[in-house]
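Peer 1: Before I ask anything, here is the structure I am working with.
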Amino acid sequence: MGNPGWSPHGSPPTLSTLTLLLLLCGHAHSQCKILRCNAEYVSSTLSLRGGGSPGALRGGGAGAGGGSRGGVGSGGLCRALRSYALCTRRTARTCRGDLAFHSAVHGIEDLMIQHNCSRQGPTAPPPPRGPALPGSGPVRSSGPPAPDPCDYEGQFSRLHGRPPGFLHCASFGDPHVRSFHHHFHTCRVQGAWPLLDNDFLFVQATSSPMASGANATATRKLTIIFKNMQECIDQKVYQAEVDNLPAAFEDGSINGGDRPGGSSLSIRTANPGNHVEIRAAYIGTTIIIRQTAGQLSFSIKVAEDVARAFSAEQDLQLCVGGCPPSQRLSRSERSRRGAITIDTAKQLCKEGLPIEDAYFHSCVFDVLISGDPNFTVAAQAALEDARAFLPDLEKLHLFPSDAGVSLSSGTLLAPLSGLLLLWLCIQ
């Protein structure tokens with residue numbers, strides 16, 4: 001007999017725990033109908049489940065037709081998944097920016113691949129209408145209180161028994177950009193360019209030439225928008241310019257507003273006028289902004305699922321793909337003779353950056369071009385932020401031979417079980 005739970009060789013798979021959790025959310029975007037799609041999927045798989053746990057599908061040997069990949073259970077699952085996919089396509093326009101929707105779409109794709117389901121074929125019959133659909137009514141439980149929907153790390157750890165994954169990006173000096181997947185570029189990027197542009201966060205850096213006649217630029221202004229999230233925060237805008245690094249959002253507040261989870265977004269200053277830290281617990285994100293030598297630097301630690309939440313229209317992000325090829329300074333441009341000698345620049349940088357990695361070489365370039373020894377501090381601070389933010393310290397030091405992995409909306413999309421949890425419904 002097959003195991004009534006998950007068995008790759010026997011019974012059909014268990015219903016995704018995350019799908020069930022999404023159904024239990026008590027609120028959803030008024031126009032996005034993803035919870036209805038989730039509920040219809042659960043309803044269409046009820047007959048496949050046994051009498052065990054609520055997430056288990058019926059087990060059985062291959063002879064019974066319920067346990068083999070091509071058996072009755074598998075066929076029923078494929079029909080249900082095709083219906084689920086159709087439902088998500090119908091609500092795609094109104095669900096843009098909803099991570100619960102993105103979780104469902106890519107979880108469906110993952111399950112269809114796992115269970116050899118063709119995209120074309122019969123679908124499950126429509127579920128009966130009425131209040132009996134799972135998740136369609138209020139959920140009452142005598143168990144412990146529901147976890148805080150605006151605590152991303154707590155939600156993830158509670159479900160998975162481990163901390164979530166994080167990514168790190170930084171922009172400093174010239175600017176030099178370290179992307180989420182360890183590309184390191186020296187860029188010209190004059191004017192306004194997006195560092196991040198996803199469904200939860202927008203960060204734009206505005207740069208101007210570092211020195212007269214030089215291709216190198218430095219960031220003079222940063223604009224950060226924390227997008228509205230129901231139950232957690234009002235939309236908040238933070239703007240910093242050289243010699244104006246405020247310790248509050250644009251509206252004068254220092255948190256996410258009056259919503260129940262307003263405290264999940266906070267801003268504080270470690271060194272007034274020079275160092276600001278913004279914590280966004282509801283999306284598992286910490287941002288540090290610094291001012292050094294007449295330029296601004298940006299450093300972020302962000303949950304993988306948040307970094308992945310963008311569409312094709314949002315693909316231009318320096319933190320995602322690094323600088324576009326047309327905006328990268330060539331080797332000859334980086335070797336341009338500057339205001340001081342290269343030996344002096346190396347000596348200045350070596351004091352705080354003994355390892356000749358990408359941070360060291362960035363420091364040398366900045367000091368060489370600007371003639372300002374204070375640029376050594378920008379590279380040192382960026383390295384310290386990376387040491388604090390990087391989950392994999394073996395990748396702390398990048399060298400010219402290192403090759404990163406490109407990050408795109410296609411390669412970043414993870415299976416349903418790896419994406420955002422209960423609180424995703426609150427969009």
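We label chains A, B, ... in the order they appear in the structure tokens, count residues from 1 in each chain, and number ligands from 1 in the order shown.
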Within range 151-274 of chain A, find each residue whose DSSP state, derived from the backbone, is alpha helix (DSSP H), and express the selection as an MDAnalysis selection string.
Peer 2: chainID A and resid 152:160
Peer 1: Excluding same-chain residues fewer than 4 positions from Asp392 in chain A, what lies within 12 Å of it counting only C-alpha atoms, as a ChimeraX atom specification?
Peer 2: /A:165-168,180-182,386-388,396-397
Peer 1: Quick one: write out the picked residues with C-alpha atoms as an mmCIF file, in the first residue's frame?
Peer 2:
```cif
data_model
loop_
_atom_site.group_PDB
_atom_site.id
_atom_site.type_symbol
_atom_site.label_atom_id
_atom_site.label_comp_id
_atom_site.auth_asym_id
_atom_site.auth_seq_id
_atom_site.Cartn_x
_atom_site.Cartn_y
_atom_site.Cartn_z
ATOM 1 C CA GLY A 165 17.034 33.028 2.090
ATOM 2 C CA PHE A 166 18.406 36.523 1.543
ATOM 3 C CA LEU A 167 20.226 38.424 -1.204
ATOM 4 C CA HIS A 168 22.608 41.370 -1.002
ATOM 5 C CA PHE A 180 22.314 40.100 -6.093
ATOM 6 C CA HIS A 181 24.216 37.296 -7.757
ATOM 7 C CA HIS A 182 27.737 38.641 -7.343
ATOM 8 C CA ALA A 386 28.481 42.995 2.758
ATOM 9 C CA ARG A 387 30.043 41.127 5.681
ATOM 10 C CA ALA A 388 26.937 41.825 7.767
ATOM 11 C CA LEU A 396 32.331 38.145 0.414
ATOM 12 C CA HIS A 397 35.497 38.856 -1.566
#
```
Peer 1: Considering only C-alpha atoms, can you say which of A:Leu99, A:Leu77, A:Cys32, A:Val306 comes closest to Cys117 in chain A?
Peer 2: A:Leu77
Peer 1: Can you build me a table of range 361-384 of chain A residues sitting at most 8 Å from range 285-292 of chain A, with the closest atom pair per residue and its distance in Å to one decimal, using only C-alpha atoms, sorted by chain and residue number, as a Markdown table?
Peer 2:
```
| residue | atom | partner | partner_atom | distance |
| --- | --- | --- | --- | --- |
| A:Asn374 | CA | A:Thr292 | CA | 7.0 |
| A:Phe375 | CA | A:Thr292 | CA | 6.9 |
| A:Val377 | CA | A:Thr292 | CA | 6.9 |
| A:Ala378 | CA | A:Thr292 | CA | 6.0 |
```
Peer 1: If we count only C-alpha atoms and set the cut-off at 8 Å, which residues sit around Tyr359 in chain A, ignoring sequence neighbours fewer than 5 positions away in its own chain? Please answer as a ChimeraX atom specification.
Peer 2: /A:353,379-380,382-383,397-398
Peer 1: As a VMD selection string, please: the residues near Ala80 in chain A (cut-off 8 Å, only C-alpha atoms, same-chain neighbours under 5 positions excluded).
Peer 2: chain A and resid 41 44 to 45 123 to 124
Peer 1: Quick one: of A:Ser266, A:Arg36, A:Gln114, A:Leu316, who's nearest to Trp193 in chain A, counting only C-alpha atoms?
Peer 2: A:Leu316
Peer 1: Which of these, A:Asp174, A:Asp197, A:Glu351, A:Asp305, has the shortest distance to Tyr152 in chain A once you count only C-alpha atoms?
Peer 2: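 Checking each of A:Asp174, A:Asp197, A:Glu351, A:Asp305 against Tyr152 in chain A, counting only C-alpha atoms, the winner is A:Asp305.
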Peer 1: Among range 164-254 of chain A, which residues carry a DSSP assignment of strand (DSSP E), reported as a compact mmCIF listing (two decimals) with all heavy atoms, in the first residue's frame?
Peer 2:
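Result file follows (part_16.txt):
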```txt
# COMPACT_ATOMS: atom_id res chain seq x y z
N PHE A 166 18.25 35.09 1.77
CA PHE A 166 18.41 36.52 1.54
C PHE A 166 19.41 36.78 0.42
O PHE A 166 20.26 35.95 0.12
CB PHE A 166 18.90 37.22 2.82
CG PHE A 166 17.90 37.22 3.94
CD1 PHE A 166 17.93 36.24 4.93
CD2 PHE A 166 16.91 38.19 3.99
CE1 PHE A 166 17.01 36.24 5.95
CE2 PHE A 166 15.97 38.19 5.02
CZ PHE A 166 16.02 37.21 6.01
N LEU A 167 19.30 37.96 -0.17
CA LEU A 167 20.23 38.42 -1.20
C LEU A 167 20.78 39.78 -0.79
O LEU A 167 20.16 40.51 -0.01
CB LEU A 167 19.53 38.53 -2.55
CG LEU A 167 18.92 37.24 -3.11
CD1 LEU A 167 18.11 37.54 -4.37
CD2 LEU A 167 19.99 36.20 -3.40
N HIS A 168 21.96 40.10 -1.34
CA HIS A 168 22.61 41.37 -1.00
C HIS A 168 22.98 42.12 -2.28
O HIS A 168 23.45 41.53 -3.25
CB HIS A 168 23.87 41.11 -0.18
CG HIS A 168 24.75 42.30 -0.02
ND1 HIS A 168 24.34 43.47 0.57
CD2 HIS A 168 26.05 42.51 -0.40
CE1 HIS A 168 25.33 44.35 0.55
NE2 HIS A 168 26.38 43.80 -0.03
N CYS A 169 22.77 43.43 -2.26
CA CYS A 169 23.19 44.30 -3.35
C CYS A 169 23.75 45.58 -2.75
O CYS A 169 23.34 46.01 -1.65
CB CYS A 169 22.00 44.62 -4.26
SG CYS A 169 22.32 45.93 -5.51
N ALA A 170 24.68 46.19 -3.46
CA ALA A 170 25.26 47.45 -2.99
C ALA A 170 25.64 48.33 -4.16
O ALA A 170 25.95 47.85 -5.26
CB ALA A 170 26.48 47.17 -2.11
N SER A 171 25.63 49.64 -3.92
CA SER A 171 26.11 50.62 -4.88
C SER A 171 26.87 51.67 -4.09
O SER A 171 26.35 52.23 -3.12
CB SER A 171 24.93 51.26 -5.63
OG SER A 171 25.38 52.33 -6.44
N PHE A 172 28.11 51.94 -4.50
CA PHE A 172 28.93 52.91 -3.76
C PHE A 172 29.99 53.48 -4.68
O PHE A 172 30.28 52.93 -5.75
CB PHE A 172 29.60 52.23 -2.55
CG PHE A 172 30.60 51.18 -2.92
CD1 PHE A 172 31.97 51.49 -3.00
CD2 PHE A 172 30.20 49.88 -3.21
CE1 PHE A 172 32.90 50.51 -3.35
CE2 PHE A 172 31.13 48.89 -3.56
CZ PHE A 172 32.48 49.22 -3.64
N HIS A 176 30.08 51.75 -8.09
CA HIS A 176 30.36 50.34 -8.31
C HIS A 176 29.13 49.59 -7.82
O HIS A 176 28.62 49.87 -6.74
CB HIS A 176 31.59 49.91 -7.53
CG HIS A 176 32.76 50.82 -7.74
ND1 HIS A 176 33.54 50.79 -8.87
CD2 HIS A 176 33.27 51.81 -6.96
CE1 HIS A 176 34.48 51.71 -8.78
NE2 HIS A 176 34.34 52.36 -7.64
N VAL A 177 28.66 48.66 -8.60
CA VAL A 177 27.44 47.93 -8.26
C VAL A 177 27.76 46.46 -8.06
O VAL A 177 28.33 45.82 -8.95
CB VAL A 177 26.36 48.09 -9.36
CG1 VAL A 177 25.16 47.20 -9.05
CG2 VAL A 177 25.92 49.54 -9.46
N ARG A 178 27.41 45.96 -6.89
CA ARG A 178 27.45 44.52 -6.64
C ARG A 178 26.02 44.01 -6.73
O ARG A 178 25.16 44.39 -5.93
CB ARG A 178 28.01 44.22 -5.25
CG ARG A 178 27.99 42.72 -4.94
CD ARG A 178 28.63 42.36 -3.62
NE ARG A 178 28.65 40.91 -3.49
CZ ARG A 178 29.62 40.23 -2.89
NH1 ARG A 178 30.62 40.87 -2.33
NH2 ARG A 178 29.57 38.92 -2.83
N PHE A 184 30.01 42.27 -10.35
CA PHE A 184 30.57 43.50 -9.79
C PHE A 184 30.97 44.39 -10.96
O PHE A 184 31.89 44.04 -11.72
CB PHE A 184 31.79 43.19 -8.91
CG PHE A 184 32.08 44.24 -7.89
CD1 PHE A 184 31.81 44.03 -6.55
CD2 PHE A 184 32.63 45.45 -8.26
CE1 PHE A 184 32.08 45.00 -5.59
CE2 PHE A 184 32.91 46.43 -7.33
CZ PHE A 184 32.63 46.21 -5.98
N HIS A 185 30.29 45.51 -11.14
CA HIS A 185 30.53 46.38 -12.28
C HIS A 185 30.89 47.79 -11.83
O HIS A 185 30.36 48.29 -10.84
CB HIS A 185 29.28 46.48 -13.17
CG HIS A 185 28.87 45.20 -13.79
ND1 HIS A 185 27.56 44.86 -14.04
CD2 HIS A 185 29.60 44.13 -14.23
CE1 HIS A 185 27.49 43.66 -14.60
NE2 HIS A 185 28.72 43.20 -14.71
N THR A 186 31.78 48.42 -12.58
CA THR A 186 32.04 49.84 -12.44
C THR A 186 31.26 50.53 -13.56
O THR A 186 31.42 50.19 -14.72
CB THR A 186 33.54 50.15 -12.56
OG1 THR A 186 34.22 49.50 -11.49
CG2 THR A 186 33.79 51.65 -12.48
N GLY A 191 22.71 60.25 -14.58
CA GLY A 191 21.27 60.47 -14.51
C GLY A 191 20.61 59.48 -13.55
O GLY A 191 21.25 58.91 -12.68
N ALA A 192 19.30 59.28 -13.71
CA ALA A 192 18.52 58.44 -12.80
C ALA A 192 18.42 57.02 -13.33
O ALA A 192 18.02 56.81 -14.47
CB ALA A 192 17.13 59.03 -12.61
N TRP A 193 18.78 56.03 -12.49
CA TRP A 193 18.71 54.61 -12.84
C TRP A 193 18.10 53.82 -11.69
O TRP A 193 18.39 54.10 -10.53
CB TRP A 193 20.11 54.06 -13.14
CG TRP A 193 20.68 54.56 -14.43
CD1 TRP A 193 21.21 55.79 -14.67
CD2 TRP A 193 20.76 53.84 -15.66
NE1 TRP A 193 21.62 55.89 -15.96
CE2 TRP A 193 21.37 54.70 -16.61
CE3 TRP A 193 20.39 52.54 -16.05
CZ2 TRP A 193 21.61 54.32 -17.91
CZ3 TRP A 193 20.63 52.17 -17.36
CH2 TRP A 193 21.22 53.04 -18.28
N PRO A 194 17.26 52.83 -12.00
CA PRO A 194 16.67 52.01 -10.92
C PRO A 194 17.65 50.95 -10.41
O PRO A 194 18.20 50.17 -11.19
CB PRO A 194 15.46 51.35 -11.60
CG PRO A 194 15.84 51.28 -13.05
CD PRO A 194 16.72 52.47 -13.33
N LEU A 195 17.87 50.94 -9.12
CA LEU A 195 18.60 49.84 -8.49
C LEU A 195 17.65 48.66 -8.26
O LEU A 195 18.02 47.50 -8.45
CB LEU A 195 19.20 50.30 -7.16
CG LEU A 195 20.37 51.27 -7.25
CD1 LEU A 195 20.66 51.89 -5.89
CD2 LEU A 195 21.61 50.57 -7.78
N LEU A 196 16.43 48.97 -7.84
CA LEU A 196 15.39 47.96 -7.62
C LEU A 196 14.07 48.48 -8.15
O LEU A 196 13.77 49.68 -8.01
CB LEU A 196 15.24 47.64 -6.13
CG LEU A 196 16.28 46.74 -5.48
CD1 LEU A 196 16.09 46.75 -3.97
CD2 LEU A 196 16.16 45.33 -6.01
N ASP A 197 13.27 47.60 -8.71
CA ASP A 197 11.93 47.97 -9.16
C ASP A 197 11.08 46.70 -9.15
O ASP A 197 10.86 46.07 -10.17
CB ASP A 197 11.96 48.58 -10.55
CG ASP A 197 10.59 49.03 -11.03
OD1 ASP A 197 9.65 49.05 -10.20
OD2 ASP A 197 10.43 49.34 -12.22
N LEU A 201 9.08 47.25 -3.64
CA LEU A 201 10.13 48.21 -3.35
C LEU A 201 10.65 48.84 -4.64
O LEU A 201 10.86 48.13 -5.63
CB LEU A 201 11.26 47.48 -2.62
CG LEU A 201 12.35 48.26 -1.91
CD1 LEU A 201 11.75 49.15 -0.82
CD2 LEU A 201 13.35 47.29 -1.29
N PHE A 202 10.86 50.15 -4.60
CA PHE A 202 11.48 50.85 -5.72
C PHE A 202 12.62 51.69 -5.19
O PHE A 202 12.44 52.46 -4.24
CB PHE A 202 10.46 51.74 -6.44
CG PHE A 202 11.05 52.58 -7.55
CD1 PHE A 202 11.28 52.02 -8.80
CD2 PHE A 202 11.38 53.90 -7.33
CE1 PHE A 202 11.83 52.79 -9.82
CE2 PHE A 202 11.93 54.68 -8.36
CZ PHE A 202 12.15 54.11 -9.60
N VAL A 203 13.80 51.54 -5.79
CA VAL A 203 14.97 52.32 -5.39
C VAL A 203 15.60 52.91 -6.64
O VAL A 203 15.94 52.17 -7.57
CB VAL A 203 16.01 51.48 -4.63
CG1 VAL A 203 17.19 52.36 -4.21
CG2 VAL A 203 15.39 50.79 -3.42
N GLN A 204 15.77 54.21 -6.65
CA GLN A 204 16.37 54.89 -7.80
C GLN A 204 17.57 55.71 -7.34
O GLN A 204 17.50 56.43 -6.35
CB GLN A 204 15.35 55.81 -8.47
CG GLN A 204 15.89 56.60 -9.65
CD GLN A 204 14.80 57.39 -10.32
OE1 GLN A 204 14.05 56.90 -11.16
NE2 GLN A 204 14.67 58.67 -9.95
N ALA A 205 18.68 55.58 -8.08
CA ALA A 205 19.89 56.36 -7.80
C ALA A 205 20.10 57.36 -8.92
O ALA A 205 19.99 57.02 -10.10
CB ALA A 205 21.09 55.43 -7.68
N THR A 206 20.40 58.58 -8.55
CA THR A 206 20.69 59.63 -9.53
C THR A 206 22.15 60.03 -9.40
O THR A 206 22.59 60.41 -8.30
CB THR A 206 19.79 60.86 -9.31
OG1 THR A 206 18.41 60.45 -9.37
CG2 THR A 206 20.04 61.91 -10.38
N SER A 207 22.89 59.92 -10.52
CA SER A 207 24.33 60.14 -10.49
C SER A 207 24.74 61.27 -11.43
O SER A 207 24.06 61.54 -12.43
CB SER A 207 25.07 58.85 -10.87
OG SER A 207 24.74 57.80 -9.99
N SER A 208 25.87 61.89 -11.12
CA SER A 208 26.46 62.93 -11.97
C SER A 208 27.96 62.73 -12.00
O SER A 208 28.52 62.00 -11.18
CB SER A 208 26.10 64.32 -11.43
OG SER A 208 26.49 64.46 -10.08
N PRO A 209 28.67 63.35 -12.96
CA PRO A 209 30.11 63.10 -13.10
C PRO A 209 30.89 63.36 -11.82
O PRO A 209 30.64 64.33 -11.10
CB PRO A 209 30.52 64.08 -14.21
CG PRO A 209 29.27 64.25 -15.02
CD PRO A 209 28.15 64.22 -14.02
N THR A 217 31.03 58.51 -12.54
CA THR A 217 29.98 59.28 -11.88
C THR A 217 29.88 58.87 -10.42
O THR A 217 30.43 57.84 -10.01
CB THR A 217 28.62 59.06 -12.56
OG1 THR A 217 28.30 57.66 -12.51
CG2 THR A 217 28.64 59.52 -14.00
N ALA A 218 29.16 59.66 -9.64
CA ALA A 218 28.91 59.33 -8.24
C ALA A 218 27.45 59.61 -7.94
O ALA A 218 26.83 60.52 -8.52
CB ALA A 218 29.81 60.15 -7.32
N THR A 219 26.88 58.85 -7.03
CA THR A 219 25.47 58.98 -6.68
C THR A 219 25.26 60.21 -5.79
O THR A 219 25.86 60.31 -4.72
CB THR A 219 24.96 57.72 -5.97
OG1 THR A 219 25.11 56.61 -6.85
CG2 THR A 219 23.49 57.87 -5.60
N ARG A 220 24.39 61.09 -6.23
CA ARG A 220 24.10 62.31 -5.48
C ARG A 220 22.73 62.28 -4.83
O ARG A 220 22.44 63.09 -3.94
CB ARG A 220 24.17 63.53 -6.41
CG ARG A 220 25.42 63.61 -7.25
CD ARG A 220 26.67 63.85 -6.44
NE ARG A 220 27.84 64.07 -7.30
CZ ARG A 220 29.09 64.18 -6.85
NH1 ARG A 220 29.32 64.10 -5.57
NH2 ARG A 220 30.09 64.36 -7.70
N LYS A 221 21.86 61.38 -5.30
CA LYS A 221 20.50 61.34 -4.76
C LYS A 221 19.99 59.91 -4.77
O LYS A 221 20.26 59.15 -5.71
CB LYS A 221 19.58 62.24 -5.60
CG LYS A 221 18.13 62.28 -5.13
CD LYS A 221 17.31 63.23 -6.01
CE LYS A 221 15.86 63.27 -5.57
NZ LYS A 221 15.05 64.21 -6.41
N LEU A 222 19.25 59.54 -3.74
CA LEU A 222 18.60 58.23 -3.65
C LEU A 222 17.13 58.42 -3.32
O LEU A 222 16.79 59.21 -2.42
CB LEU A 222 19.25 57.35 -2.57
CG LEU A 222 20.57 56.67 -2.92
CD1 LEU A 222 21.23 56.11 -1.65
CD2 LEU A 222 20.35 55.55 -3.93
N THR A 223 16.27 57.73 -4.05
CA THR A 223 14.83 57.75 -3.78
C THR A 223 14.38 56.31 -3.54
O THR A 223 14.62 55.43 -4.37
CB THR A 223 14.05 58.33 -4.96
OG1 THR A 223 14.50 59.67 -5.21
CG2 THR A 223 12.55 58.35 -4.66
N ILE A 224 13.75 56.08 -2.40
CA ILE A 224 13.30 54.73 -2.03
C ILE A 224 11.80 54.78 -1.74
O ILE A 224 11.35 55.61 -0.94
CB ILE A 224 14.05 54.20 -0.80
CG1 ILE A 224 15.57 54.24 -1.04
CG2 ILE A 224 13.61 52.78 -0.45
CD1 ILE A 224 16.38 53.90 0.20
N ILE A 225 11.04 53.93 -2.40
CA ILE A 225 9.60 53.87 -2.18
C ILE A 225 9.23 52.49 -1.64
O ILE A 225 9.48 51.47 -2.29
CB ILE A 225 8.82 54.13 -3.48
CG1 ILE A 225 9.16 55.52 -4.03
CG2 ILE A 225 7.31 54.02 -3.23
CD1 ILE A 225 8.52 55.82 -5.39
N PHE A 226 8.66 52.46 -0.46
CA PHE A 226 8.11 51.23 0.12
C PHE A 226 6.63 51.22 -0.24
O PHE A 226 5.85 52.06 0.26
CB PHE A 226 8.30 51.21 1.64
CG PHE A 226 9.74 51.19 2.07
CD1 PHE A 226 10.45 52.37 2.22
CD2 PHE A 226 10.38 49.99 2.28
CE1 PHE A 226 11.78 52.35 2.60
CE2 PHE A 226 11.72 49.95 2.65
CZ PHE A 226 12.43 51.14 2.81
N LYS A 236 5.40 54.59 1.77
CA LYS A 236 6.35 55.52 2.37
C LYS A 236 7.46 55.82 1.38
O LYS A 236 7.96 54.92 0.69
CB LYS A 236 6.94 54.95 3.66
CG LYS A 236 5.94 54.80 4.79
CD LYS A 236 5.50 56.16 5.33
CE LYS A 236 4.47 56.01 6.44
NZ LYS A 236 4.12 57.32 7.05
N VAL A 237 7.86 57.09 1.33
CA VAL A 237 8.92 57.53 0.43
C VAL A 237 10.07 58.09 1.25
O VAL A 237 9.86 58.89 2.17
CB VAL A 237 8.41 58.61 -0.55
CG1 VAL A 237 9.55 59.10 -1.45
CG2 VAL A 237 7.25 58.07 -1.38
N TYR A 238 11.28 57.64 0.92
CA TYR A 238 12.48 58.19 1.56
C TYR A 238 13.36 58.79 0.48
O TYR A 238 13.63 58.14 -0.54
CB TYR A 238 13.26 57.11 2.31
CG TYR A 238 14.51 57.65 2.97
CD1 TYR A 238 14.45 58.30 4.19
CD2 TYR A 238 15.75 57.54 2.33
CE1 TYR A 238 15.59 58.83 4.78
CE2 TYR A 238 16.89 58.06 2.92
CZ TYR A 238 16.80 58.71 4.14
OH TYR A 238 17.93 59.23 4.72
N GLN A 239 13.81 60.02 0.68
CA GLN A 239 14.69 60.67 -0.28
C GLN A 239 15.91 61.23 0.45
O GLN A 239 15.78 61.92 1.46
CB GLN A 239 13.97 61.80 -1.02
CG GLN A 239 12.92 61.30 -1.98
CD GLN A 239 12.63 62.31 -3.10
OE1 GLN A 239 13.48 62.60 -3.92
NE2 GLN A 239 11.40 62.82 -3.10
N ALA A 240 17.08 60.93 -0.10
CA ALA A 240 18.32 61.44 0.45
C ALA A 240 19.10 62.11 -0.67
O ALA A 240 19.10 61.64 -1.81
CB ALA A 240 19.15 60.32 1.06
N GLU A 241 19.74 63.21 -0.35
CA GLU A 241 20.64 63.89 -1.28
C GLU A 241 21.94 64.19 -0.54
O GLU A 241 21.99 64.18 0.71
CB GLU A 241 20.01 65.18 -1.80
CG GLU A 241 18.75 64.96 -2.62
CD GLU A 241 18.24 66.26 -3.24
OE1 GLU A 241 18.99 66.86 -4.02
OE2 GLU A 241 17.10 66.64 -2.93
```
